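The structure file query_8.cif is reproduced below (mmCIF, C-alpha atoms).
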```cif
data_my_file
#
loop_
_atom_site.group_PDB
_atom_site.id
_atom_site.type_symbol
_atom_site.label_atom_id
_atom_site.label_comp_id
_atom_site.auth_asym_id
_atom_site.auth_seq_id
_atom_site.Cartn_x
_atom_site.Cartn_y
_atom_site.Cartn_z
ATOM 1 C CA MET A 6 51.032 -11.076 64.799
ATOM 2 C CA THR A 7 53.725 -13.420 66.090
ATOM 3 C CA ALA A 8 53.312 -14.449 69.725
ATOM 4 C CA ALA A 9 55.564 -12.681 72.238
ATOM 5 C CA LEU A 10 58.850 -14.434 72.903
ATOM 6 C CA PHE A 11 60.438 -14.685 76.350
ATOM 7 C CA LEU A 12 63.973 -15.767 77.152
ATOM 8 C CA ILE A 13 64.745 -18.113 80.017
ATOM 9 C CA ASP A 14 67.995 -19.508 81.394
ATOM 10 C CA ALA A 15 70.081 -21.725 79.134
ATOM 11 C CA GLY A 16 69.234 -25.400 79.414
ATOM 12 C CA ARG A 17 65.756 -24.997 80.891
ATOM 13 C CA LEU A 18 64.171 -26.394 77.742
ATOM 14 C CA ASP A 19 66.404 -29.464 77.646
ATOM 15 C CA GLY A 20 64.223 -32.560 77.539
ATOM 16 C CA VAL A 21 60.945 -30.614 77.649
ATOM 17 C CA THR A 22 58.146 -32.567 75.952
ATOM 18 C CA ASP A 23 54.748 -31.645 74.559
ATOM 19 C CA GLY A 24 52.170 -31.263 77.323
ATOM 20 C CA ALA A 25 54.782 -30.564 80.006
ATOM 21 C CA PRO A 26 54.235 -27.734 82.504
ATOM 22 C CA LEU A 27 56.639 -24.776 82.401
ATOM 23 C CA VAL A 28 56.880 -21.802 84.738
ATOM 24 C CA LEU A 29 57.876 -18.424 83.354
ATOM 25 C CA ASP A 30 59.135 -16.510 86.388
ATOM 26 C CA GLY A 31 61.879 -14.047 87.290
ATOM 27 C CA PRO A 32 62.159 -10.757 85.363
ATOM 28 C CA GLU A 33 60.626 -12.293 82.237
ATOM 29 C CA GLY A 34 57.669 -13.644 84.188
ATOM 30 C CA ARG A 35 57.017 -10.284 85.842
ATOM 31 C CA HIS A 36 57.278 -8.516 82.493
ATOM 32 C CA ALA A 37 54.869 -10.972 80.866
ATOM 33 C CA ALA A 38 52.331 -10.722 83.695
ATOM 34 C CA THR A 39 52.461 -7.064 84.691
ATOM 35 C CA VAL A 40 53.670 -5.203 81.592
ATOM 36 C CA LYS A 41 52.410 -7.342 78.710
ATOM 37 C CA ARG A 42 49.359 -8.378 80.787
ATOM 38 C CA ILE A 43 49.251 -11.787 79.160
ATOM 39 C CA GLU A 44 46.210 -13.800 80.228
ATOM 40 C CA PRO A 45 45.230 -17.495 80.423
ATOM 41 C CA GLY A 46 44.524 -19.021 77.054
ATOM 42 C CA GLU A 47 47.029 -16.862 75.173
ATOM 43 C CA THR A 48 49.976 -18.316 73.263
ATOM 44 C CA VAL A 49 53.571 -17.354 74.030
ATOM 45 C CA LEU A 50 56.962 -18.471 72.777
ATOM 46 C CA VAL A 51 59.755 -19.400 75.177
ATOM 47 C CA ALA A 52 63.425 -19.786 74.188
ATOM 48 C CA ASP A 53 66.539 -20.562 76.197
ATOM 49 C CA GLY A 54 68.980 -18.955 73.766
ATOM 50 C CA SER A 55 70.309 -22.250 72.422
ATOM 51 C CA GLY A 56 68.021 -22.506 69.417
ATOM 52 C CA THR A 57 65.142 -24.367 71.066
ATOM 53 C CA VAL A 58 61.760 -22.619 71.015
ATOM 54 C CA ALA A 59 58.703 -23.844 72.894
ATOM 55 C CA GLN A 60 55.222 -22.772 71.853
ATOM 56 C CA CYS A 61 53.137 -22.642 75.006
ATOM 57 C CA THR A 62 49.628 -21.932 76.182
ATOM 58 C CA VAL A 63 49.149 -19.866 79.327
ATOM 59 C CA ALA A 64 47.373 -21.945 81.972
ATOM 60 C CA ALA A 65 47.414 -19.342 84.750
ATOM 61 C CA ALA A 66 48.692 -15.797 85.248
ATOM 62 C CA TYR A 67 49.933 -14.260 88.481
ATOM 63 C CA LYS A 68 51.498 -10.901 89.303
ATOM 64 C CA ASP A 69 55.048 -12.206 88.878
ATOM 65 C CA ARG A 70 54.821 -15.346 86.756
ATOM 66 C CA LEU A 71 52.933 -17.372 84.179
ATOM 67 C CA ASP A 72 52.140 -21.063 84.417
ATOM 68 C CA LEU A 73 52.478 -22.543 80.949
ATOM 69 C CA VAL A 74 51.769 -25.788 79.134
ATOM 70 C CA VAL A 75 54.120 -26.717 76.301
ATOM 71 C CA VAL A 76 52.240 -27.297 73.043
ATOM 72 C CA SER A 77 55.237 -28.013 70.819
ATOM 73 C CA THR A 78 58.978 -27.476 70.618
ATOM 74 C CA GLU A 79 61.229 -26.697 67.684
ATOM 75 C CA GLN A 80 65.000 -26.802 67.414
ATOM 76 C CA GLN A 81 66.199 -24.185 64.978
ATOM 77 C CA THR A 82 69.392 -25.304 63.267
ATOM 78 C CA PRO A 83 72.228 -22.801 62.817
ATOM 79 C CA GLN A 84 72.257 -21.181 59.393
ATOM 80 C CA LEU A 85 75.322 -20.697 57.238
ATOM 81 C CA PRO A 86 77.409 -18.731 56.866
ATOM 82 C CA ARG A 87 78.031 -17.975 60.513
ATOM 83 C CA VAL A 88 78.520 -14.221 60.641
ATOM 84 C CA ILE A 89 80.637 -12.218 63.094
ATOM 85 C CA LEU A 90 80.480 -8.432 63.372
ATOM 86 C CA VAL A 91 83.673 -6.858 64.670
ATOM 87 C CA GLN A 92 82.494 -3.441 65.801
ATOM 88 C CA ALA A 93 84.917 -0.701 66.770
ATOM 89 C CA LEU A 94 83.972 1.114 69.952
ATOM 90 C CA ALA A 95 82.174 4.348 69.120
ATOM 91 C CA LYS A 96 80.888 7.350 71.017
ATOM 92 C CA GLY A 97 77.259 8.257 71.555
ATOM 93 C CA ASP A 98 76.107 4.644 71.884
ATOM 94 C CA ARG A 99 76.568 4.161 68.150
ATOM 95 C CA ASP A 100 78.214 0.806 68.764
ATOM 96 C CA ASP A 101 75.149 -0.210 70.798
ATOM 97 C CA GLN A 102 72.919 0.790 67.880
ATOM 98 C CA ALA A 103 75.059 -1.241 65.502
ATOM 99 C CA ILE A 104 74.946 -4.471 67.479
ATOM 100 C CA GLU A 105 71.215 -4.063 68.165
ATOM 101 C CA ALA A 106 70.413 -3.831 64.454
ATOM 102 C CA ALA A 107 72.917 -6.587 63.663
ATOM 103 C CA THR A 108 71.156 -8.893 66.102
ATOM 104 C CA GLU A 109 67.810 -8.209 64.454
ATOM 105 C CA LEU A 110 69.378 -9.039 61.084
ATOM 106 C CA GLY A 111 70.712 -12.388 62.316
ATOM 107 C CA VAL A 112 74.355 -11.889 63.324
ATOM 108 C CA ASP A 113 75.812 -14.810 65.297
ATOM 109 C CA GLU A 114 78.542 -13.031 67.237
ATOM 110 C CA VAL A 115 79.526 -9.450 67.977
ATOM 111 C CA VAL A 116 83.091 -8.578 68.941
ATOM 112 C CA PRO A 117 84.103 -5.228 70.449
ATOM 113 C CA TRP A 118 87.250 -3.722 68.958
ATOM 114 C CA GLN A 119 89.428 -1.118 70.674
ATOM 115 C CA ALA A 120 90.603 0.567 67.481
ATOM 116 C CA GLU A 121 93.444 3.073 67.519
ATOM 117 C CA ARG A 122 91.056 5.895 66.632
ATOM 118 C CA SER A 123 88.249 4.848 68.968
ATOM 119 C CA ILE A 124 87.396 7.752 71.246
ATOM 120 C CA VAL A 125 85.676 5.446 73.705
ATOM 121 C CA GLN A 126 87.973 3.345 75.905
ATOM 122 C CA TRP A 127 86.981 0.145 77.696
ATOM 123 C CA LYS A 128 89.186 -0.037 80.760
ATOM 124 C CA GLY A 129 88.755 -1.560 84.209
ATOM 125 C CA GLU A 130 85.284 -1.550 85.725
ATOM 126 C CA ARG A 131 84.000 0.792 83.049
ATOM 127 C CA GLY A 132 85.019 -1.718 80.412
ATOM 128 C CA ALA A 133 83.372 -4.592 82.273
ATOM 129 C CA LYS A 134 80.182 -2.548 82.635
ATOM 130 C CA ALA A 135 80.200 -1.715 78.917
ATOM 131 C CA ALA A 136 80.644 -5.380 78.007
ATOM 132 C CA ARG A 137 77.666 -6.313 80.190
ATOM 133 C CA LYS A 138 75.644 -3.610 78.444
ATOM 134 C CA TRP A 139 76.444 -5.172 75.071
ATOM 135 C CA GLU A 140 75.179 -8.510 76.387
ATOM 136 C CA LEU A 141 71.933 -6.876 77.511
ATOM 137 C CA VAL A 142 71.535 -5.079 74.178
ATOM 138 C CA VAL A 143 71.857 -8.237 72.072
ATOM 139 C CA ARG A 144 69.627 -10.196 74.438
ATOM 140 C CA ALA A 145 66.869 -7.589 74.240
ATOM 141 C CA ALA A 146 67.213 -7.343 70.457
ATOM 142 C CA ALA A 147 67.068 -11.128 70.091
ATOM 143 C CA LYS A 148 63.904 -11.198 72.158
ATOM 144 C CA GLN A 149 62.291 -8.337 70.226
ATOM 145 C CA SER A 150 63.064 -9.960 66.879
ATOM 146 C CA ARG A 151 61.766 -13.385 68.022
ATOM 147 C CA ARG A 152 65.162 -15.042 67.680
ATOM 148 C CA ALA A 153 65.728 -18.483 69.140
ATOM 149 C CA THR A 154 69.407 -17.745 69.691
ATOM 150 C CA VAL A 155 71.202 -14.875 71.388
ATOM 151 C CA PRO A 156 74.412 -13.698 69.684
ATOM 152 C CA VAL A 157 77.682 -14.337 71.483
ATOM 153 C CA VAL A 158 79.510 -11.239 72.738
ATOM 154 C CA GLY A 159 83.195 -11.876 72.223
ATOM 155 C CA PRO A 160 86.091 -10.474 74.259
ATOM 156 C CA LEU A 161 87.481 -7.019 73.542
ATOM 157 C CA LEU A 162 90.136 -7.069 70.810
ATOM 158 C CA ASP A 163 93.051 -4.766 70.122
ATOM 159 C CA ARG A 164 94.986 -4.644 66.838
ATOM 160 C CA ARG A 165 96.934 -7.801 67.606
ATOM 161 C CA GLY A 166 93.804 -9.683 68.638
ATOM 162 C CA LEU A 167 92.012 -8.548 65.499
ATOM 163 C CA ALA A 168 94.855 -9.824 63.339
ATOM 164 C CA GLY A 169 94.583 -13.153 65.144
ATOM 165 C CA LEU A 170 90.851 -13.309 64.432
ATOM 166 C CA ALA A 171 91.482 -12.560 60.758
ATOM 167 C CA ASN A 172 94.127 -15.263 60.381
ATOM 168 C CA GLY A 173 92.591 -18.244 58.627
ATOM 169 C CA ARG A 174 89.071 -16.758 58.433
ATOM 170 C CA THR A 175 87.129 -15.058 55.683
ATOM 171 C CA VAL A 176 87.236 -11.437 56.807
ATOM 172 C CA PHE A 177 85.928 -8.312 55.102
ATOM 173 C CA VAL A 178 87.043 -4.867 56.220
ATOM 174 C CA LEU A 179 84.755 -1.996 55.268
ATOM 175 C CA HIS A 180 86.733 0.923 53.877
ATOM 176 C CA GLU A 181 85.691 3.853 51.717
ATOM 177 C CA ASP A 182 88.779 3.628 49.467
ATOM 178 C CA ALA A 183 88.255 -0.014 48.532
ATOM 179 C CA THR A 184 87.632 -0.807 44.868
ATOM 180 C CA THR A 185 85.800 -4.108 45.403
ATOM 181 C CA ALA A 186 82.129 -3.965 46.397
ATOM 182 C CA LEU A 187 80.981 -6.403 49.063
ATOM 183 C CA ALA A 188 77.914 -7.153 46.943
ATOM 184 C CA ASP A 189 80.192 -8.463 44.169
ATOM 185 C CA VAL A 190 82.069 -10.944 46.359
ATOM 186 C CA ASP A 191 81.237 -14.610 45.770
ATOM 187 C CA LEU A 192 80.316 -16.148 49.134
ATOM 188 C CA ALA A 193 79.477 -19.611 47.816
ATOM 189 C CA GLY A 194 80.804 -22.264 50.174
ATOM 190 C CA VAL A 195 81.823 -19.814 52.897
ATOM 191 C CA GLU A 196 80.788 -21.253 56.274
ATOM 192 C CA GLU A 197 81.986 -18.421 58.513
ATOM 193 C CA LEU A 198 82.898 -14.809 57.874
ATOM 194 C CA ALA A 199 83.645 -11.665 59.817
ATOM 195 C CA ILE A 200 82.844 -8.064 58.950
ATOM 196 C CA VAL A 201 85.120 -5.397 60.448
ATOM 197 C CA VAL A 202 83.778 -1.890 61.030
ATOM 198 C CA GLY A 203 86.051 0.944 62.088
ATOM 199 C CA PRO A 204 85.396 3.871 64.452
ATOM 200 C CA GLU A 205 84.298 7.424 63.597
ATOM 201 C CA GLY A 206 87.830 8.414 62.665
ATOM 202 C CA GLY A 207 88.291 5.439 60.395
ATOM 203 C CA ILE A 208 90.701 2.515 60.406
ATOM 204 C CA SER A 209 94.326 3.592 60.641
ATOM 205 C CA PRO A 210 96.799 2.678 57.853
ATOM 206 C CA ALA A 211 98.712 0.483 60.324
ATOM 207 C CA GLU A 212 95.546 -1.429 61.257
ATOM 208 C CA LEU A 213 94.595 -1.808 57.605
ATOM 209 C CA SER A 214 98.061 -3.155 56.813
ATOM 210 C CA VAL A 215 97.942 -5.682 59.653
ATOM 211 C CA LEU A 216 94.532 -6.904 58.549
ATOM 212 C CA GLU A 217 95.573 -7.256 54.927
ATOM 213 C CA ASP A 218 98.699 -9.151 55.988
ATOM 214 C CA ALA A 219 96.430 -11.544 57.924
ATOM 215 C CA GLY A 220 94.420 -12.221 54.760
ATOM 216 C CA ALA A 221 91.475 -9.854 55.198
ATOM 217 C CA ARG A 222 89.830 -8.360 52.124
ATOM 218 C CA ILE A 223 89.147 -4.629 51.942
ATOM 219 C CA VAL A 224 85.679 -3.893 50.534
ATOM 220 C CA ARG A 225 83.227 -1.044 50.190
ATOM 221 C CA LEU A 226 79.458 -0.895 50.519
ATOM 222 C CA GLY A 227 78.591 1.888 48.111
ATOM 223 C CA PRO A 228 79.321 5.466 47.078
ATOM 224 C CA HIS A 229 78.529 6.990 50.471
ATOM 225 C CA VAL A 230 80.363 6.895 53.786
ATOM 226 C CA LEU A 231 78.161 5.380 56.494
ATOM 227 C CA ARG A 232 78.297 6.001 60.219
ATOM 228 C CA SER A 233 79.810 3.345 62.444
ATOM 229 C CA SER A 234 76.289 2.604 63.689
ATOM 230 C CA SER A 235 74.913 1.782 60.233
ATOM 231 C CA ALA A 236 77.872 0.348 58.300
ATOM 232 C CA GLY A 237 77.839 -3.050 59.997
ATOM 233 C CA PRO A 238 74.091 -3.645 59.680
ATOM 234 C CA ALA A 239 74.202 -2.510 56.034
ATOM 235 C CA ALA A 240 76.996 -4.982 55.312
ATOM 236 C CA LEU A 241 75.104 -7.731 57.114
ATOM 237 C CA ALA A 242 72.060 -7.073 54.953
ATOM 238 C CA VAL A 243 74.213 -7.471 51.834
ATOM 239 C CA VAL A 244 75.701 -10.736 53.108
ATOM 240 C CA MET A 245 72.368 -12.153 54.279
ATOM 241 C CA SER A 246 70.582 -11.263 51.035
ATOM 242 C CA GLY A 247 73.227 -13.162 49.086
ATOM 243 C CA THR A 248 73.269 -16.213 51.360
ATOM 244 C CA ARG A 249 70.669 -16.983 54.024
ATOM 245 C CA TRP A 250 67.790 -14.857 52.797
ATOM 246 C CA ALA A 251 68.263 -16.063 49.236
ATOM 247 C CA HIS A 252 67.056 -19.518 50.306
ATOM 248 C CA HIS A 253 63.775 -18.335 51.860
#
```
As structure tokens, please, write out the structure in this file.
Amino acid sequence: MTAALFLIDAGRLDGVTDGAPLVLDGPEGRHAATVKRIEPGETVLVADGSGTVAQCTVAAAYKDRLDLVVVSTEQQTPQLPRVILVQALAKGDRDDQAIEAATELGVDEVVPWQAERSIVQWKGERGAKAARKWELVVRAAAKQSRRATVPVVGPLLDRRGLAGLANGRTVFVLHEDATTALADVDLAGVEELAIVVGPEGGISPAELSVLEDAGARIVRLGPHVLRSSSAGPAALAVVMSGTRWAHH
């Protein structure tokens, strides 16, 4: 089984060399020591979210921290294409479920979208709290899936902002009435792409028109209509299987 991975603050692994001491403290240190009950001699992985991963041996364990010795470090290079999931806000935490699974599948950025038919509204303090929750969700999912990087959580977009994102990018909009299957699209040479997922009530005709005018392509996944929580991850799996995963 892969060693447990713990996330520390960005930059803390800069310049770290083999044999160097490293302290795992704060919430991650307490979790490692008191919940995971990791003991001296065990191996753990430590990442700072930038792509650097340190394999470490536990030298000492306390109630709120671990003293580590770095055995080796690895810098994981970004893989192409860079993939963005634009996820419409959805009720019942379905958007949370979508970005969690997307993180496990390897998405690079998740962008919340206030679609016209979104029941959920991000406004004021509630919106700020929801955005922080998304950041926590992707961080926890990155940690669970042993990722060296944590996906970026982009700012909330409305229709105009979404059109701006689509302008000049390779963008695929999932829609049940599309005639082109995402699996049939040639992604050779594409370095960055975005997948747009609508809310429970679907993408409005006006939104669809704006996206098409900005150059987005309307595609379908298959014969069935998926929930907003599963459509994005399913599309990501199609994209990854045809690009990144095909090379492993």
Step by step, gather every atom of region 15-19 of chain A that the file lists, find the box along x, y and z that holds them, add 3 Å on each side, and finally give centre and edge lengths in Å to one decimal, as AutoDock Vina command-line options.
```
--center_x 67.1 --center_y -25.6 --center_z 79.3 --size_x 11.9 --size_y 13.7 --size_z 9.2
```
Exercise for review: Place a sphere of radius 7 Å on (65.7, -14.1, 78.1) in the file coordinates and name every protein, DNA or RNA residue with an atom inside or on its surface, counting only C-alpha atoms; give the answer as a list in words.
Suggested key: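 Final list of nearby residues, as requested, is Phe11, Leu12, Ile13, Asp14, Glu33, Asp53, Arg144 and Lys148 of chain A.
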**Study point:** Shell of 9 Å around Glu109 (chain A), only C-alpha atoms, local chain residues under 6 positions omitted, as a PyMOL selection string
**Key:** chain A and resi 143+146-147+149-152
10 Å contact set for Pro83 (chain A), only C-alpha atoms, chain neighbours under 2 positions out, as a short mmCIF file (atom, residue, chain, number, x, y, z; two decimals) with C-alpha atoms, keeping the file's coordinate frame:
```cif
data_model
loop_
_atom_site.label_atom_id
_atom_site.label_comp_id
_atom_site.auth_asym_id
_atom_site.auth_seq_id
_atom_site.Cartn_x
_atom_site.Cartn_y
_atom_site.Cartn_z
CA SER A 55 70.31 -22.25 72.42
CA GLY A 56 68.02 -22.51 69.42
CA GLN A 80 65.00 -26.80 67.41
CA GLN A 81 66.20 -24.18 64.98
CA LEU A 85 75.32 -20.70 57.24
CA PRO A 86 77.41 -18.73 56.87
CA ARG A 87 78.03 -17.98 60.51
CA ASP A 113 75.81 -14.81 65.30
CA THR A 154 69.41 -17.74 69.69
#
```
Point to revise | Point-to-point distance from CA of Ala186 (chain A) to CA of Val243 (chain A), Å rounded to tenths | key: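 So the answer is 10.2 Å.
Taking only C-alpha atoms into account, Pro204 (chain A) lies nearest to A:Ala236 out of the set A:Ala236, A:Ala135, A:Ile104, A:Val158.
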